[in-house]
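Trainee: This one is structure_27.txt, compact mmCIF, C-alpha atoms.
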```txt
# COMPACT_ATOMS: atom_id res chain seq x y z
CA MET S 1 -7.16 -13.91 -7.31
CA ALA S 2 -9.15 -14.49 -4.09
CA TYR S 3 -10.04 -11.14 -2.53
CA LEU S 4 -10.39 -11.53 1.22
CA GLY S 5 -13.08 -8.86 1.55
CA ASN S 6 -15.39 -11.74 0.63
CA PRO S 7 -16.20 -13.70 3.86
CA GLY S 8 -16.15 -17.03 2.00
CA ASN S 9 -12.57 -16.43 0.84
CA THR S 10 -11.54 -15.45 4.37
CA ILE S 11 -13.00 -18.67 5.81
CA ALA S 12 -11.22 -20.71 3.10
CA VAL S 13 -7.84 -19.17 3.99
CA LEU S 14 -8.38 -19.69 7.74
CA GLN S 15 -9.31 -23.34 7.17
CA LYS S 16 -6.41 -23.94 4.79
CA TYR S 17 -3.94 -22.83 7.46
CA HIS S 18 -5.92 -24.17 10.47
CA PHE S 19 -5.68 -20.66 11.90
CA ASN S 20 -7.03 -20.02 15.40
CA PHE S 21 -7.86 -16.48 16.49
CA GLN S 22 -5.59 -15.25 19.27
CA LYS S 23 -7.51 -13.49 22.01
CA LYS S 24 -4.28 -11.96 23.35
CA TYR S 25 -3.83 -10.08 20.05
CA GLY S 26 -7.45 -8.88 19.87
CA GLN S 27 -7.91 -10.30 16.37
CA ASN S 28 -11.08 -9.32 14.49
CA PHE S 29 -10.76 -9.50 10.70
CA LEU S 30 -12.74 -7.09 8.54
CA VAL S 31 -14.97 -8.84 5.98
CA ASP S 32 -16.91 -6.00 4.35
CA THR S 33 -15.82 -4.64 0.96
CA HIS S 34 -17.89 -1.46 1.38
CA ILE S 35 -15.99 -0.52 4.57
CA LEU S 36 -12.64 -1.46 3.01
CA GLU S 37 -13.33 0.87 0.09
CA LYS S 38 -14.39 3.62 2.51
CA ILE S 39 -11.08 3.32 4.39
CA ILE S 40 -9.03 3.52 1.17
CA GLN S 41 -11.06 6.56 0.09
CA ALA S 42 -10.75 8.31 3.48
CA ALA S 43 -6.98 7.67 3.55
CA ASP S 44 -6.74 9.20 0.05
CA ILE S 45 -4.24 6.55 -1.09
CA GLN S 46 -2.39 7.60 -4.26
CA ARG S 47 -0.02 5.69 -6.54
CA ASP S 48 3.08 7.46 -5.14
CA ASP S 49 2.16 6.89 -1.47
CA PHE S 50 4.10 4.79 1.02
CA VAL S 51 1.58 3.16 3.38
CA LEU S 52 2.40 1.71 6.79
CA GLU S 53 -0.26 -0.80 7.80
CA ILE S 54 -0.46 -2.07 11.38
CA GLY S 55 -2.06 -5.42 12.17
CA PRO S 56 -2.86 -6.73 8.67
CA GLY S 57 -4.28 -10.04 9.93
CA ILE S 58 -4.52 -12.29 6.86
CA GLY S 59 -4.04 -9.36 4.46
CA THR S 60 -7.64 -8.33 3.74
CA MET S 61 -7.01 -4.58 3.69
CA THR S 62 -3.41 -5.06 2.54
CA GLN S 63 -4.65 -6.38 -0.80
CA TYR S 64 -6.69 -3.21 -1.31
CA LEU S 65 -3.78 -0.99 -0.23
CA CYS S 66 -1.40 -2.73 -2.65
CA GLU S 67 -3.83 -2.04 -5.51
CA TYR S 68 -3.73 1.73 -4.84
CA ALA S 69 -0.41 2.60 -3.17
CA GLY S 70 3.15 2.63 -4.47
CA LYS S 71 4.54 0.68 -1.51
CA VAL S 72 2.93 -1.01 1.51
CA ALA S 73 4.89 -2.04 4.60
CA THR S 74 2.66 -4.17 6.81
CA VAL S 75 3.62 -4.85 10.44
CA GLU S 76 2.20 -7.98 12.08
CA ILE S 77 3.08 -9.19 15.59
CA ASP S 78 1.61 -12.72 15.26
CA LYS S 79 4.23 -14.97 13.65
CA ASN S 80 1.50 -17.52 12.77
CA LEU S 81 0.09 -15.00 10.28
CA ILE S 82 3.36 -14.44 8.38
CA PRO S 83 3.09 -17.52 6.09
CA ILE S 84 -0.58 -16.69 5.44
CA LEU S 85 0.35 -13.12 4.45
CA ALA S 86 3.12 -14.43 2.19
CA ASP S 87 0.43 -16.47 0.42
CA THR S 88 -2.40 -13.89 0.23
CA LEU S 89 -0.01 -11.13 -0.91
CA LYS S 90 2.15 -13.21 -3.27
CA GLU S 91 0.80 -11.47 -6.36
CA TYR S 92 1.91 -8.04 -5.15
CA ASP S 93 5.51 -6.94 -5.60
CA ASN S 94 4.90 -3.70 -3.65
CA ALA S 95 4.17 -5.38 -0.28
CA GLU S 96 6.72 -5.83 2.52
CA ILE S 97 5.75 -8.07 5.45
CA ILE S 98 7.38 -7.26 8.79
CA ASN S 99 6.99 -9.57 11.80
CA GLU S 100 7.44 -7.02 14.60
CA ASP S 101 5.70 -5.37 17.53
CA ILE S 102 4.84 -1.84 16.33
CA LEU S 103 5.32 -0.54 19.90
CA LYS S 104 9.00 -1.60 19.81
CA MET S 105 9.85 -0.25 16.36
CA ASP S 106 11.95 2.88 15.85
CA LEU S 107 9.54 4.52 13.42
CA PRO S 108 11.53 7.68 12.61
CA SER S 109 14.50 5.62 11.39
CA PHE S 110 12.20 3.11 9.65
CA VAL S 111 10.55 5.92 7.63
CA ARG S 112 13.96 7.49 6.97
CA GLN S 113 15.26 4.24 5.48
CA ARG S 114 12.14 3.13 3.60
CA ASN S 115 10.73 6.44 2.36
CA ASN S 116 13.64 8.94 2.41
CA ASN S 117 12.04 10.66 5.42
CA LYS S 118 8.98 11.67 3.37
CA PRO S 119 5.66 11.41 5.24
CA VAL S 120 3.95 8.02 5.20
CA LYS S 121 0.24 7.30 5.51
CA VAL S 122 -0.74 4.95 8.33
CA VAL S 123 -3.76 2.68 7.80
CA ALA S 124 -4.79 0.16 10.44
CA ASN S 125 -7.52 -1.98 11.91
CA LEU S 126 -6.14 -1.65 15.44
CA PRO S 127 -6.55 -4.22 18.23
CA TYR S 128 -8.90 -2.49 20.68
CA TYR S 129 -7.06 -3.42 23.87
CA ILE S 130 -3.94 -1.57 22.72
CA THR S 131 -5.30 1.27 20.54
CA THR S 132 -4.23 4.16 22.77
CA PRO S 133 -0.58 3.05 23.28
CA ILE S 134 -0.20 2.52 19.52
CA VAL S 135 -1.75 5.87 18.56
CA MET S 136 0.23 7.75 21.22
CA GLY S 137 3.44 5.92 20.25
CA LEU S 138 2.99 6.92 16.61
CA LEU S 139 2.32 10.56 17.51
CA GLU S 140 4.92 11.02 20.24
CA GLN S 141 7.80 9.52 18.25
CA HIS S 142 7.46 12.45 15.82
CA ALA S 143 7.95 10.09 12.86
CA PRO S 144 7.04 11.69 9.52
CA ILE S 145 3.38 10.65 9.32
CA GLY S 146 1.04 12.65 7.10
CA SER S 147 -2.19 10.98 8.19
CA MET S 148 -3.58 8.01 10.09
CA THR S 149 -6.81 6.33 9.00
CA ILE S 150 -7.62 3.77 11.64
CA MET S 151 -10.39 1.46 12.75
CA VAL S 152 -10.94 1.76 16.50
CA GLN S 153 -13.63 1.10 19.07
CA LYS S 154 -16.46 3.62 18.57
CA GLU S 155 -16.10 4.87 22.12
CA VAL S 156 -12.38 5.61 21.57
CA ALA S 157 -13.10 7.45 18.29
CA ASP S 158 -15.61 9.62 20.19
CA ARG S 159 -12.98 10.37 22.84
CA MET S 160 -10.44 11.41 20.21
CA GLN S 161 -12.61 14.13 18.76
CA SER S 162 -14.58 15.33 21.82
CA GLY S 163 -14.22 18.79 23.37
CA PRO S 164 -14.09 20.31 26.89
CA GLY S 165 -16.90 19.51 29.32
CA SER S 166 -18.11 16.30 27.67
CA LYS S 167 -17.81 12.93 29.44
CA ASP S 168 -15.61 11.60 26.60
CA TYR S 169 -13.10 14.45 26.89
CA GLY S 170 -9.77 13.50 28.41
CA ALA S 171 -6.02 13.16 27.98
CA LEU S 172 -6.42 11.18 24.74
CA SER S 173 -8.66 13.89 23.21
CA LEU S 174 -6.11 16.58 23.99
CA ALA S 175 -3.10 14.61 22.75
CA VAL S 176 -4.78 13.60 19.49
CA GLN S 177 -5.99 17.17 18.87
CA TYR S 178 -2.56 18.64 19.67
CA TYR S 179 -0.91 16.52 16.98
CA THR S 180 -3.75 16.04 14.47
CA LYS S 181 -7.15 17.06 13.16
CA PRO S 182 -9.48 14.10 13.94
CA GLU S 183 -12.62 13.25 11.98
CA ILE S 184 -14.82 10.15 12.22
CA VAL S 185 -15.50 9.01 8.64
CA ALA S 186 -17.57 5.84 9.18
CA ASN S 187 -19.35 3.89 11.91
CA VAL S 188 -18.87 0.13 11.57
CA PRO S 189 -21.26 -2.42 13.15
CA PRO S 190 -19.95 -5.69 14.71
CA GLY S 191 -21.31 -7.77 11.81
CA CYS S 192 -18.57 -6.44 9.50
CA PHE S 193 -15.94 -8.51 11.35
CA MET S 194 -14.98 -12.12 11.87
CA PRO S 195 -15.27 -12.99 14.71
CA ARG S 196 -17.83 -10.35 15.70
CA PRO S 197 -16.56 -7.97 18.40
CA LYS S 198 -18.89 -7.14 21.28
CA VAL S 199 -18.72 -3.39 20.57
CA GLY S 200 -19.32 -1.00 17.68
CA SER S 201 -16.35 0.38 15.77
CA ALA S 202 -15.53 3.53 13.83
CA VAL S 203 -13.03 4.61 11.22
CA ILE S 204 -11.35 7.86 12.23
CA ARG S 205 -8.94 9.91 10.12
CA LEU S 206 -6.23 11.89 11.90
CA ILE S 207 -4.52 14.43 9.65
CA ARG S 208 -1.21 15.55 11.14
CA HIS S 209 -0.88 19.28 11.85
CA LYS S 210 2.11 20.88 10.13
CA GLU S 211 2.48 23.01 13.26
CA PRO S 212 0.71 22.36 16.61
CA PRO S 213 -2.43 24.52 16.95
CA VAL S 214 -1.22 25.95 20.30
CA TYR S 215 2.15 27.16 21.56
CA THR S 216 3.82 25.53 24.55
CA GLU S 217 7.41 26.13 25.63
CA ASP S 218 7.58 22.64 27.13
CA GLU S 219 5.48 19.97 25.40
CA ALA S 220 6.41 17.28 27.95
CA LEU S 221 5.33 19.51 30.85
CA MET S 222 2.01 20.29 29.15
CA PHE S 223 1.26 16.58 28.81
CA ARG S 224 2.25 15.92 32.44
CA LEU S 225 -0.26 18.60 33.48
CA ILE S 226 -2.94 17.09 31.24
CA ARG S 227 -2.42 13.57 32.58
CA ALA S 228 -2.36 14.77 36.20
CA SER S 229 -5.59 16.72 35.78
CA PHE S 230 -7.46 13.70 34.35
CA ASN S 231 -5.91 11.03 36.59
CA GLN S 232 -8.32 12.02 39.34
CA ARG S 233 -11.18 13.29 37.27
CA ARG S 234 -13.46 14.15 40.18
CA LYS S 235 -10.86 16.32 41.90
CA THR S 236 -10.34 19.98 41.14
CA LEU S 237 -7.51 20.89 38.77
CA ALA S 238 -5.56 22.41 41.70
CA ASN S 239 -5.76 19.19 43.76
CA GLY S 240 -4.99 16.97 40.78
CA LEU S 241 -1.81 18.92 39.99
CA HIS S 242 -0.77 19.18 43.64
CA ASN S 243 -1.16 15.40 44.19
CA ALA S 244 0.77 14.42 41.05
CA GLY S 245 4.06 12.71 41.91
CA ASN S 246 5.87 14.00 38.82
CA LEU S 247 5.06 17.72 39.32
CA ASN S 248 7.01 19.74 41.85
CA TYR S 249 4.89 22.83 42.37
CA THR S 250 3.67 24.24 45.66
CA LYS S 251 -0.03 24.70 46.28
CA GLU S 252 0.52 28.47 46.10
CA GLN S 253 2.26 28.26 42.71
CA ILE S 254 -0.57 26.13 41.29
CA GLN S 255 -3.28 28.42 42.65
CA SER S 256 -1.44 31.48 41.33
CA ALA S 257 -1.15 29.90 37.85
CA ILE S 258 -4.86 28.97 37.74
CA ASP S 259 -5.75 32.50 38.84
CA GLU S 260 -3.52 33.98 36.11
CA LEU S 261 -5.26 31.71 33.61
CA GLY S 262 -8.50 33.46 34.57
CA GLU S 263 -10.21 30.36 35.96
CA PRO S 264 -11.76 29.84 39.45
CA LEU S 265 -9.70 27.77 41.91
CA ASN S 266 -12.37 25.05 41.99
CA VAL S 267 -12.24 24.48 38.21
CA ARG S 268 -11.86 20.87 37.05
CA GLY S 269 -9.36 19.85 34.39
CA GLU S 270 -12.14 18.70 32.05
CA ARG S 271 -13.24 22.33 31.60
CA LEU S 272 -9.91 23.49 30.16
CA THR S 273 -9.26 23.72 26.42
CA LEU S 274 -6.01 22.62 24.77
CA GLN S 275 -5.10 26.31 24.46
CA GLN S 276 -5.55 26.76 28.23
CA PHE S 277 -3.40 23.72 29.07
CA ALA S 278 -0.66 25.16 26.83
CA GLU S 279 -0.96 28.55 28.61
CA LEU S 280 -0.96 26.87 32.02
CA SER S 281 2.27 25.00 31.19
CA ASN S 282 3.89 28.27 30.08
CA ILE S 283 2.76 30.09 33.26
CA LEU S 284 4.02 27.31 35.56
CA LYS S 285 7.34 27.13 33.73
CA ARG S 286 7.79 30.87 34.21
CA ILE S 287 6.69 30.77 37.89
CA SER S 288 9.12 27.94 38.72
CA ASN S 289 12.00 29.93 37.15
CA GLU S 290 11.25 33.08 39.13
```
As structure tokens, please, write out the structure in this file.
Mentor:
Amino acid sequence: MAYLGNPGNTIAVLQKYHFNFQKKYGQNFLVDTHILEKIIQAADIQRDDFVLEIGPGIGTMTQYLCEYAGKVATVEIDKNLIPILADTLKEYDNAEIINEDILKMDLPSFVRQRNNNKPVKVVANLPYYITTPIVMGLLEQHAPIGSMTIMVQKEVADRMQSGPGSKDYGALSLAVQYYTKPEIVANVPPGCFMPRPKVGSAVIRLIRHKEPPVYTEDEALMFRLIRASFNQRRKTLANGLHNAGNLNYTKEQIQSAIDELGEPLNVRGERLTLQQFAELSNILKRISNE
């Protein structure tokens, strides 16, 4: 059996199928067995696990996942890779290859059908140009996901786990930390991929919270406030919220809410914690109902 973690085997498969890398899909295939093993270990893949893999490429990590997991459903958007996957995974009877766009899939019903609604583990080497929409789509659909162990651009991994006041802190940090506990488990240099990306990468593990760490009466409102406060990062929180097209609060209501939160009126959104954004959403909801 030709394991694809070996660069020579990867090149042989690519040549056999005359495969050309598609820039539009951000394809960079992992060719480092040490990193592959680290991902499997970090994801804590067990024999009874159902794993959802996104962007398998030619099946390098899929082979490893199939060795450890009970069932692996692998979702690949590039139809040119489907026959290659059928070949590289032919020795595994626990792999399912799905030619779909993960952003268009109804994940809650997919997990319901394939895994009786029990939590799945997501493992992925994500295309960097579309990392945030994929991560947010997975989290916001409220599909039963126990954990996500994903390869992303190093800069994005830093954003996911950063806290208030740092330059990396933003809407993505708050969303990821509302739904999960993030932890970077490995930094990955460009040389571990084929072709080499121009940037460093990192493997980050996101373990889903059973309950959100903060209480908000209106989750959608809280995220509208978060996005509005980071859309114009250099503006004060009050101006950011007042200028947002999808928030209908008067300047007085916003100032009153910030004051009740115990913050100065010139505070910027990047200073607020997740807890404070949750409180702010609850205060504004109450004020608008008065």
Trainee: With distances taken over all atoms listed in the file, which residue among S:Tyr68, S:Phe277, S:Phe110, S:Tyr169 lies nearest S:Glu217?
Mentor: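 Result for the nearest residue to S:Glu217: S:Phe277.
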Trainee: Starting from the point (4.0, 11.0, 17.7), work out which residues of protein, DNA or RNA have an atom no more than 10 Å away when counting only C-alpha atoms; state them as a PyMOL selection string.
Mentor: chain S and resi 107-108+134-145+175-176+179-180+208
Trainee: Counting all atoms listed in the file, what is within 8 Å of stretch 242-257 of chain S, bar same-chain residues fewer than 6 positions away, as a PyMOL selection string?
Mentor: chain S and resi 224-225+228+265+280+283-284+287-288
Trainee: Using atom CA of S:Val188 and atom CA of S:Leu81 as the two end points, give the distance in Å to one decimal.
Mentor: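 Result for atom CA of S:Val188 versus atom CA of S:Leu81: 24.3 Å, one decimal.
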Trainee: Just the residues within 6 Å of S:Ala124, please, counting only C-alpha atoms, with nothing from its chain fewer than 2 positions along; format it as a PyMOL selection string.
Mentor: chain S and resi 53-54+126+150
Trainee: Using all atoms listed in the file, which residue out of S:Ile40, S:Phe193, S:Asn99, S:Ser162 lies closest to S:Leu85?
Mentor: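 Answer, going by the shortest atom-to-atom distance: S:Asn99.
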Trainee: Pick out the residues sitting within 9 Å of S:Val13, and hand them over as JSON, numbers by chain; count only C-alpha atoms, and ignore anything fewer than 3 positions along from it in its own chain.
Mentor: {"S": [4, 8, 9, 10, 16, 17, 18, 19, 58, 84, 88]}
Trainee: If we count all atoms listed in the file, what is near S:Ala69 at a cut-off of 6 Å, once residues fewer than 2 positions away on the same chain are taken out, given as a list in words?
Mentor: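 Residues meeting the cut-off are Ile45, Gln46, Arg47, Asp49, Leu65, Cys66 and Lys71 of chain S.
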Trainee: What does the distance between atom CA of S:Glu211 and atom CA of S:Asn282 come to in Å, to one decimal place?
Mentor: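 Here the two named atoms are 17.7 Å from each other.
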Trainee: From the list S:Pro197, S:Gly146, S:Gly70, S:Pro164, which residue is nearest S:Asn28 when using all atoms listed in the file?
Mentor: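 Once distances to S:Asn28 are computed over all atoms listed in the file, the minimum belongs to S:Pro197.
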Trainee: Identify which of the residues S:Ile39, S:Ala171, S:Leu274, S:Cys192 lies closest to S:Val214, counting only C-alpha atoms when measuring atom-to-atom distances.
Mentor: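 Under the stated criterion, the closest residue is S:Leu274.
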Trainee: Counting all atoms listed in the file, which of S:Pro83, S:Gly55, S:Gly170, S:Pro7 gets nearest to S:Tyr128?
Mentor: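 Nearest to S:Tyr128: S:Gly55.
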Trainee: State, in Å with one decimal place, the distance from atom CA of S:Lys285 to atom CA of S:Thr216.
Mentor: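 One can read the atom CA of S:Lys285 to atom CA of S:Thr216 distance as 10.0 Å.
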Trainee: Which of these, S:Ser229, S:Ala73, S:Gln41, S:Arg271, has the shortest distance to S:Ser166 once you count all atoms listed in the file?
Mentor: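 The shortest atom-to-atom distance to S:Ser166 comes from S:Arg271.
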Trainee: Could you name the residues that touch S:Met160 at 8 Å or less, counting all atoms listed in the file, but leaving out those on the same chain fewer than 3 positions away, as a count of residues only?
Mentor: 9
Trainee: Place N, CA and C atoms on stretch 67-79 of chain S and deliver the coordinates as a CSV table (one decimal), keeping the file's coordinate frame.
Mentor:
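In the end it all went to out-v2.csv:
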```
chain,number,residue,atom,x,y,z
S,67,GLU,N,-3.2,-2.4,-4.2
S,67,GLU,CA,-3.8,-2.0,-5.5
S,67,GLU,C,-3.7,-0.5,-5.8
S,68,TYR,N,-3.7,0.3,-4.7
S,68,TYR,CA,-3.7,1.7,-4.8
S,68,TYR,C,-2.4,2.4,-4.6
S,69,ALA,N,-1.6,1.9,-3.6
S,69,ALA,CA,-0.4,2.6,-3.2
S,69,ALA,C,0.8,2.2,-4.0
S,70,GLY,N,1.9,3.0,-3.8
S,70,GLY,CA,3.2,2.6,-4.5
S,70,GLY,C,3.8,1.5,-3.7
S,71,LYS,N,3.8,1.7,-2.4
S,71,LYS,CA,4.5,0.7,-1.5
S,71,LYS,C,3.7,0.5,-0.2
S,72,VAL,N,3.6,-0.7,0.3
S,72,VAL,CA,2.9,-1.0,1.5
S,72,VAL,C,3.8,-1.8,2.4
S,73,ALA,N,4.2,-1.3,3.6
S,73,ALA,CA,4.9,-2.0,4.6
S,73,ALA,C,3.9,-2.4,5.7
S,74,THR,N,3.7,-3.7,5.9
S,74,THR,CA,2.7,-4.2,6.8
S,74,THR,C,3.3,-4.8,8.0
S,75,VAL,N,3.0,-4.4,9.2
S,75,VAL,CA,3.6,-4.8,10.4
S,75,VAL,C,2.7,-5.7,11.2
S,76,GLU,N,3.0,-7.0,11.4
S,76,GLU,CA,2.2,-8.0,12.1
S,76,GLU,C,3.0,-8.6,13.2
S,77,ILE,N,2.4,-8.6,14.4
S,77,ILE,CA,3.1,-9.2,15.6
S,77,ILE,C,3.0,-10.7,15.7
S,78,ASP,N,1.9,-11.3,15.1
S,78,ASP,CA,1.6,-12.7,15.3
S,78,ASP,C,2.4,-13.5,14.2
S,79,LYS,N,3.4,-14.3,14.6
S,79,LYS,CA,4.2,-15.0,13.6
S,79,LYS,C,3.4,-16.0,12.9
```
